[in-house]
Amino acid sequence: MTLIKEQSLTEINSFTHRVIFPTVLRLLLILFCTFSHADKVKVDKSEWGLEAGKACITCHAKTSKGLATQWEESKHGQIGLNCLDCHRASEDDDDAITHEGEVIATVVSPKDCGRCHVTEYNQQKGSVHANAAAIIKNRIPALENVGGPAIVAGGCDQCHGSTVKLRGDGTLDPATWPNSGIGRINPDGSKGSCTSCHGRHRFSKAQARDPAACMRCHSGPDSPDKEVYEASKHGMHFAAERDKMNMDNDLWRAGIEYSAAPTCVTCHMGTAGKIKSTHDVGMRNAWKLNTPVSEKHYLVVFDNGDKLNLPESQDPPNRGASMTKPDGTLGKVKAVASPERRRQAMKAVCLECHGKAFANNFMTQFDNVVRLYNRKFGEPAQAIMKALYREKKLTPVAFDEPLEFTYWELWHDEGSRARHGAAMASPNHAWWEGIYEVGRNFYTKFLPQVREVAGKELGEELIGQHVSGLDEHQWLQQPNKANPILGYGSGAE
Ligand code: HEC
Ligand code: HEC
Ligand code: HEC
Ligand code: HEC
Ligand code: HEC
Ligand code: HEC
Ligand code: HEC
Ligand code: HEC
């Protein structure tokens, strides 16, 4: 076992060194390491704070005082950047309206912010976040069926983002706006909304560094990062030592400006040692944890900044190759980061506060939980479900049968919870609310429902083929030496 593992690891490493590293090492260094503070806004001061924008404030300080106060106290307000600098539009914009003699738009898209914040816009543009609305369009229409359009607008879209639509008069359609979903598709075609994390109209970076900025969306059954973080030692220290986090500082480097605890931002976006801050939260993740079976992924970067997560089981493209991008068009490959490289970037963050052996061993424990989940539950359950659809034992309509809910929750709820718990150090979510529930539901709901749906013969055949033969399930045949079911100390053990 160990030998095979080590061998394949060496293969991956030597492959990475041989094929990927020499050609793209410099590009990868750019990807992970070189966005520096020197790159701040380059737009000339003479281009903002224009006279025409000052009337907006006089009036809005009366009509929407709270909003105007937030702007006034913001960095933007303090440097004299006003309402019109963000809200101005040109007459041929779809969402342009004439308001008090000026052409403005209510929606201020990432592209509008990107006029000045080029670096952040370019990083955000190709990220998983930016694609969060695009991916749900055809992925799980069944969830729209269980819910309905009202809950798409009030639920999914608030986190993932809508496609913002206009009514005939150029005003915004209430079925699609407001929301500050992370991958919102804007009237100008750009994706995302910078105000997902940077609440308006303060647009502060200190506020966005707080875990609360992420928790609004990253909570609940399938992405319980809020709950996991709060239950981890990191969350424990953050709660107790928040006043030592120095979040208002201009520079915010792990281990330098703060060391009490990492926040979500520290690990997924923040500056740590040679690893520089990024607005692409997916870069440092090796796995995909919210899938029926987890797989590690390459990150393919195209020359226009688009990105693709490519499963490790597929051959990575060479630099310069043509490849289909997530939007279906062809793109030219600029760089490929291997899963190991992505993991290294994440580990480099840990090393600002922990030792090497600690970080390595932690990652081994985490990877082992993912593999346990995959092999013991994820892969067998997936294979059985595929066979049941193939044999027409389940209708092709999703979510109209109890087994479909059982299977869905197995990977999407408790299965994801277990993997997120192991990734971010909450033992409760890894075990009690994680693998323990996966196991309970697998043995006492999933398998019995499979037998019911498939009929006795096919049911036993499928379970025999995919479950009974696995080492991981042999315990079912072996009486326990100690049986704790009646409680410890009852004499039963
Ligand atoms: C004479 C006062 C006045 C001036 C000047 C003014 N506004 Fe307004 N604005 C209002 C009022 C009142 C509303 C609310 C109208 C309503 O109920 O929707 C509003 C609404 C808005 C909205 C929301 C539009 C929507 O989607 O419904 C935006 C954005 C806005 N103003 C921006 C600006 C900007 C930018 C300027 C400067 C170019 C500006 N305003 C100048 C009074 C003013
Ligand atoms: C740094 C850019 C920026 C500046 C400066 C700015 N806004 Fe906004 N504003 C936004 C963004 C982003 C939104 C969110 C709209 C969306 O895309 O959904 C917004 C939304 C709004 C809305 C509609 C949402 C709501 O909460 O009612 C109004 C009204 C508005 N702004 C008015 C103003 C006024 C008045 C000023 C000046 C005092 C101003 N804005 C300055 C970026 C800006
Ligand atoms: C016309 C140029 C311009 C536009 C448009 C603009 N900004 Fe800014 N922004 C600036 C400048 C200049 C600074 C100050 C930079 C510095 O710290 O030296 C700034 C600072 C910031 C900061 C840092 C605030 C802090 O706490 O230090 C954030 C966050 C930010 N902007 C977000 C946005 C977002 C989001 C948008 C779009 C809704 C936007 N900006 C639109 C010019 C702009
Ligand atoms: C509370 C915010 C929230 C709501 C509401 C929500 N999601 Fe999500 N969704 C997320 C987050 C966060 C993730 C990322 C999970 C991860 O990668 O750990 C996600 C992941 C997903 C994924 C998987 C993406 C992938 O990486 O493969 C799909 C598909 C999805 N959501 C669809 C939906 C649909 C459809 C709805 C509405 C019926 C919905 N979501 C409602 C926050 C939300
Ligand atoms: C996922 C949450 C999130 C989103 C979405 C987001 N930001 Fe940020 N942003 C942050 C965090 C966190 C920081 C502070 C990072 C740090 O200190 O390392 C930050 C910092 C910034 C800064 C200050 C950079 C500096 O060096 O001072 C600017 C400017 C900025 N963001 C602009 C934007 C723009 C423009 C967008 C949209 C294209 C955007 N942000 C979208 C979380 C976000
Ligand atoms: C407005 C909702 C929203 C906010 C705010 C938000 N996220 Fe997300 N995030 C999502 C959704 C939805 C996804 C799933 C996107 C997908 O799979 O395409 C996601 C995905 C992710 C992922 C998974 C990337 C991957 O590799 O698949 C990470 C990590 C992440 N977010 C971190 C953060 C952090 C850190 C913050 C706060 C600074 C944050 N998010 C704020 C909605 C949000
Ligand atoms: C100590 C560092 C650390 C902190 C703090 C942290 N994370 Fe993570 N996160 C990780 C690691 C490590 C992984 C797994 C990476 C991999 O796949 O290799 C992960 C995975 C994730 C994923 C899963 C992406 C996927 O593959 O589906 C999301 C979403 C996420 N984190 C969001 C958050 C949010 C939101 C917070 C704060 C509430 C947070 N993280 C806090 C280190 C951290
Ligand atoms: C900003 C500093 C900082 C960073 C960065 C950081 N940690 Fe931590 N970590 C801490 C602190 C402080 C503790 C609490 C130590 C204690 O209380 O004994 C801790 C505790 C832990 C624990 C619990 C250990 C125990 O004794 O139970 C784990 C596991 C952990 N960290 C993993 C990681 C991983 C993995 C990363 C990188 C993805 C990381 N940490 C990044 C500061 C950090």
# chains A, B, ... in the order shown; residues from 1 in each chain; ligands from 1
$ residues_near_ligand --ligand "ligand 2" --cutoff "6 Å" --atoms "only C-alpha atoms and all ligand atoms" --output "mmCIF file with N, CA and C atoms, in the first residue's frame"
data_model
loop_
_atom_site.group_PDB
_atom_site.id
_atom_site.type_symbol
_atom_site.label_atom_id
_atom_site.label_comp_id
_atom_site.auth_asym_id
_atom_site.auth_seq_id
_atom_site.Cartn_x
_atom_site.Cartn_y
_atom_site.Cartn_z
ATOM 1 N N CYS A 56 -24.464 65.479 -6.337
ATOM 2 C CA CYS A 56 -25.086 64.226 -5.876
ATOM 3 C C CYS A 56 -25.068 64.188 -4.348
ATOM 4 N N ILE A 57 -23.947 64.605 -3.781
ATOM 5 C CA ILE A 57 -23.767 64.480 -2.333
ATOM 6 C C ILE A 57 -24.672 65.436 -1.570
ATOM 7 N N HIS A 60 -28.082 63.837 -1.757
ATOM 8 C CA HIS A 60 -28.201 62.518 -1.113
ATOM 9 C C HIS A 60 -27.877 62.561 0.375
ATOM 10 N N ALA A 68 -24.828 58.357 2.418
ATOM 11 C CA ALA A 68 -23.873 59.444 2.194
ATOM 12 C C ALA A 68 -22.819 59.490 3.309
ATOM 13 N N TRP A 71 -20.212 56.828 2.731
ATOM 14 C CA TRP A 71 -19.298 57.259 1.666
ATOM 15 C C TRP A 71 -18.297 58.279 2.220
ATOM 16 N N ASN A 82 -16.026 60.796 -5.727
ATOM 17 C CA ASN A 82 -17.444 60.948 -5.401
ATOM 18 C C ASN A 82 -18.362 60.000 -6.158
ATOM 19 N N CYS A 83 -19.672 60.186 -5.906
ATOM 20 C CA CYS A 83 -20.703 59.281 -6.423
ATOM 21 C C CYS A 83 -20.585 59.044 -7.932
ATOM 22 N N CYS A 86 -18.134 56.475 -9.642
ATOM 23 C CA CYS A 86 -18.520 55.057 -9.736
ATOM 24 C C CYS A 86 -19.809 54.866 -10.538
ATOM 25 N N THR A 106 -27.296 52.488 -11.778
ATOM 26 C CA THR A 106 -27.308 52.078 -10.370
ATOM 27 C C THR A 106 -26.287 50.978 -10.137
ATOM 28 N N VAL A 107 -26.230 50.005 -11.058
ATOM 29 C CA VAL A 107 -25.258 48.917 -10.913
ATOM 30 C C VAL A 107 -23.847 49.442 -11.169
ATOM 31 N N VAL A 108 -22.960 49.183 -10.198
ATOM 32 C CA VAL A 108 -21.537 49.479 -10.384
ATOM 33 C C VAL A 108 -20.840 48.124 -10.417
ATOM 34 N N SER A 109 -20.372 47.746 -11.578
ATOM 35 C CA SER A 109 -19.889 46.376 -11.776
ATOM 36 C C SER A 109 -18.393 46.281 -11.467
ATOM 37 N N PRO A 178 -32.394 43.500 -6.283
ATOM 38 C CA PRO A 178 -30.977 43.500 -5.916
ATOM 39 C C PRO A 178 -30.470 42.150 -5.406
ATOM 40 N N THR A 195 -19.098 44.338 -4.108
ATOM 41 C CA THR A 195 -19.759 44.629 -2.857
ATOM 42 C C THR A 195 -20.288 43.371 -2.141
#
$ residues_near_ligand --ligand "ligand 7" --cutoff "7 Å" --atoms "only C-alpha atoms and all ligand atoms" --output "ChimeraX atom specification"
/A:211,214-215,218,223,225-226,229,234,262-264,266-268,284-290,343,346,350,420,423-424
$ write_last_selection --atoms "C-alpha atoms" --output "PDB file, in the first residue's frame"
ATOM      1  CA  PRO A 211     -14.549  36.154   8.665  1.00  0.00           C
ATOM      2  CA  CYS A 214     -17.401  35.305   4.011  1.00  0.00           C
ATOM      3  CA  MET A 215     -19.786  33.620   6.452  1.00  0.00           C
ATOM      4  CA  HIS A 218     -20.218  30.120   3.516  1.00  0.00           C
ATOM      5  CA  SER A 223     -20.267  24.737   2.806  1.00  0.00           C
ATOM      6  CA  ASP A 225     -17.116  27.019   6.772  1.00  0.00           C
ATOM      7  CA  LYS A 226     -18.616  29.399   9.328  1.00  0.00           C
ATOM      8  CA  TYR A 229     -14.074  27.868  11.572  1.00  0.00           C
ATOM      9  CA  HIS A 234      -8.254  29.189  14.928  1.00  0.00           C
ATOM     10  CA  PRO A 262      -5.627  33.109  10.754  1.00  0.00           C
ATOM     11  CA  THR A 263      -9.018  34.179   9.303  1.00  0.00           C
ATOM     12  CA  CYS A 264     -10.616  32.822   6.102  1.00  0.00           C
ATOM     13  CA  THR A 266      -5.394  34.666   5.659  1.00  0.00           C
ATOM     14  CA  CYS A 267      -5.510  31.166   4.187  1.00  0.00           C
ATOM     15  CA  HIS A 268      -7.494  31.759   0.981  1.00  0.00           C
ATOM     16  CA  ARG A 284      -4.536  27.561  -3.077  1.00  0.00           C
ATOM     17  CA  ASN A 285      -7.064  24.676  -3.022  1.00  0.00           C
ATOM     18  CA  ALA A 286      -5.912  21.276  -4.280  1.00  0.00           C
ATOM     19  CA  TRP A 287      -9.219  19.376  -3.895  1.00  0.00           C
ATOM     20  CA  LYS A 288     -12.824  20.050  -4.798  1.00  0.00           C
ATOM     21  CA  LEU A 289     -14.665  19.143  -1.624  1.00  0.00           C
ATOM     22  CA  ASN A 290     -18.282  19.743  -2.718  1.00  0.00           C
ATOM     23  CA  ARG A 343      -1.029  22.757  -1.888  1.00  0.00           C
ATOM     24  CA  MET A 346      -1.540  26.877   1.068  1.00  0.00           C
ATOM     25  CA  CYS A 350       0.666  27.738   7.633  1.00  0.00           C
ATOM     26  CA  HIS A 420     -14.615  20.695   5.219  1.00  0.00           C
ATOM     27  CA  ALA A 423      -9.678  20.595   5.899  1.00  0.00           C
ATOM     28  CA  MET A 424     -10.121  23.341   8.445  1.00  0.00           C
TER      29      MET A 424
END
$ closest_residue --among "A:Ile384, A:Trp431, A:Val333, A:Ser338" --to "A:Val369" --atoms "only C-alpha atoms"
A:Trp431
$ residues_around --residues "A:Leu67" --least-positions-apart "5" --cutoff "12 Å" --atoms "only C-alpha atoms" --output "list in words"
Cys56, Ile57, Cys59, His60, Ala61, Lys62, Glu72, Glu73, Ser74, Gly77, Cys83, Gly199, Arg200, His201, Arg202 and Phe203 of chain A
$ write_last_selection --atoms "C-alpha atoms" --output "short mmCIF file (atom, residue, chain, number, x, y, z; two decimals), in the first residue's frame"
data_model
loop_
_atom_site.label_atom_id
_atom_site.label_comp_id
_atom_site.auth_asym_id
_atom_site.auth_seq_id
_atom_site.Cartn_x
_atom_site.Cartn_y
_atom_site.Cartn_z
CA CYS A 56 -25.09 64.23 -5.88
CA ILE A 57 -23.77 64.48 -2.33
CA CYS A 59 -28.83 66.08 -2.31
CA HIS A 60 -28.20 62.52 -1.11
CA ALA A 61 -26.97 63.76 2.27
CA LYS A 62 -30.65 64.57 2.75
CA GLU A 72 -18.00 60.31 3.52
CA GLU A 73 -16.19 58.15 6.08
CA SER A 74 -14.75 55.81 3.46
CA GLY A 77 -14.81 59.87 0.39
CA CYS A 83 -20.70 59.28 -6.42
CA GLY A 199 -19.95 46.40 2.02
CA ARG A 200 -21.05 49.66 0.43
CA HIS A 201 -20.56 52.51 0.72
CA ARG A 202 -17.52 52.14 2.96
CA PHE A 203 -15.63 49.74 0.70
#
$ residues_near_ligand --ligand "ligand 6" --cutoff "7 Å" --atoms "only C-alpha atoms and all ligand atoms" --output "short mmCIF file (atom, residue, chain, number, x, y, z; two decimals) with C-alpha atoms, in the first residue's frame"
data_model
loop_
_atom_site.label_atom_id
_atom_site.label_comp_id
_atom_site.auth_asym_id
_atom_site.auth_seq_id
_atom_site.Cartn_x
_atom_site.Cartn_y
_atom_site.Cartn_z
CA VAL A 128 -14.26 30.40 -9.17
CA HIS A 129 -16.17 33.15 -7.43
CA ASN A 131 -18.20 31.88 -12.22
CA ALA A 132 -20.58 31.09 -9.38
CA ILE A 135 -22.12 27.28 -13.10
CA GLN A 158 -28.22 36.10 -3.11
CA CYS A 159 -25.09 33.95 -2.78
CA HIS A 160 -24.29 32.87 -6.34
CA SER A 180 -24.69 41.06 -4.37
CA GLY A 181 -24.08 37.47 -5.42
CA ILE A 182 -20.46 36.55 -5.87
CA SER A 196 -20.25 40.94 -1.96
CA CYS A 197 -17.38 41.30 0.50
CA ALA A 208 -13.55 42.38 4.28
CA ARG A 209 -10.73 40.72 6.26
CA PRO A 211 -14.55 36.15 8.66
CA ALA A 213 -17.54 38.90 5.23
CA CYS A 214 -17.40 35.31 4.01
CA MET A 215 -19.79 33.62 6.45
CA ARG A 216 -22.91 35.15 4.98
CA CYS A 217 -22.57 32.73 2.08
CA HIS A 218 -20.22 30.12 3.52
CA CYS A 264 -10.62 32.82 6.10
CA VAL A 265 -8.82 35.59 4.25
CA HIS A 268 -7.49 31.76 0.98
CA MET A 269 -6.51 35.30 -0.04
CA VAL A 281 -9.91 32.42 -3.57
CA GLY A 282 -9.57 29.11 -5.43
CA MET A 283 -5.87 29.26 -6.22
CA ASN A 285 -7.06 24.68 -3.02
CA LYS A 288 -12.82 20.05 -4.80
#
$ closest_residue --among "A:Thr98, A:Gln70, A:Ser46, A:Gln124" --to "ligand 5" --atoms "only C-alpha atoms and all ligand atoms"
A:Gln124
$ select_by_dssp --residues "stretch 319-425 of chain A" --states "strand (DSSP E or B)" --output "NGL selection string"
:A and (322-324 or 330-337)
$ residues_around --residues "A:Val370" --least-positions-apart "2" --cutoff "9 Å" --atoms "only C-alpha atoms" --output "list in words"
Leu289, Val293, Ser294, Gln365, Phe366, Asp367, Asn368, Leu372, Tyr373, Asn374, Arg375, Ala418, Arg419, Ala422 and Ala423 of chain A
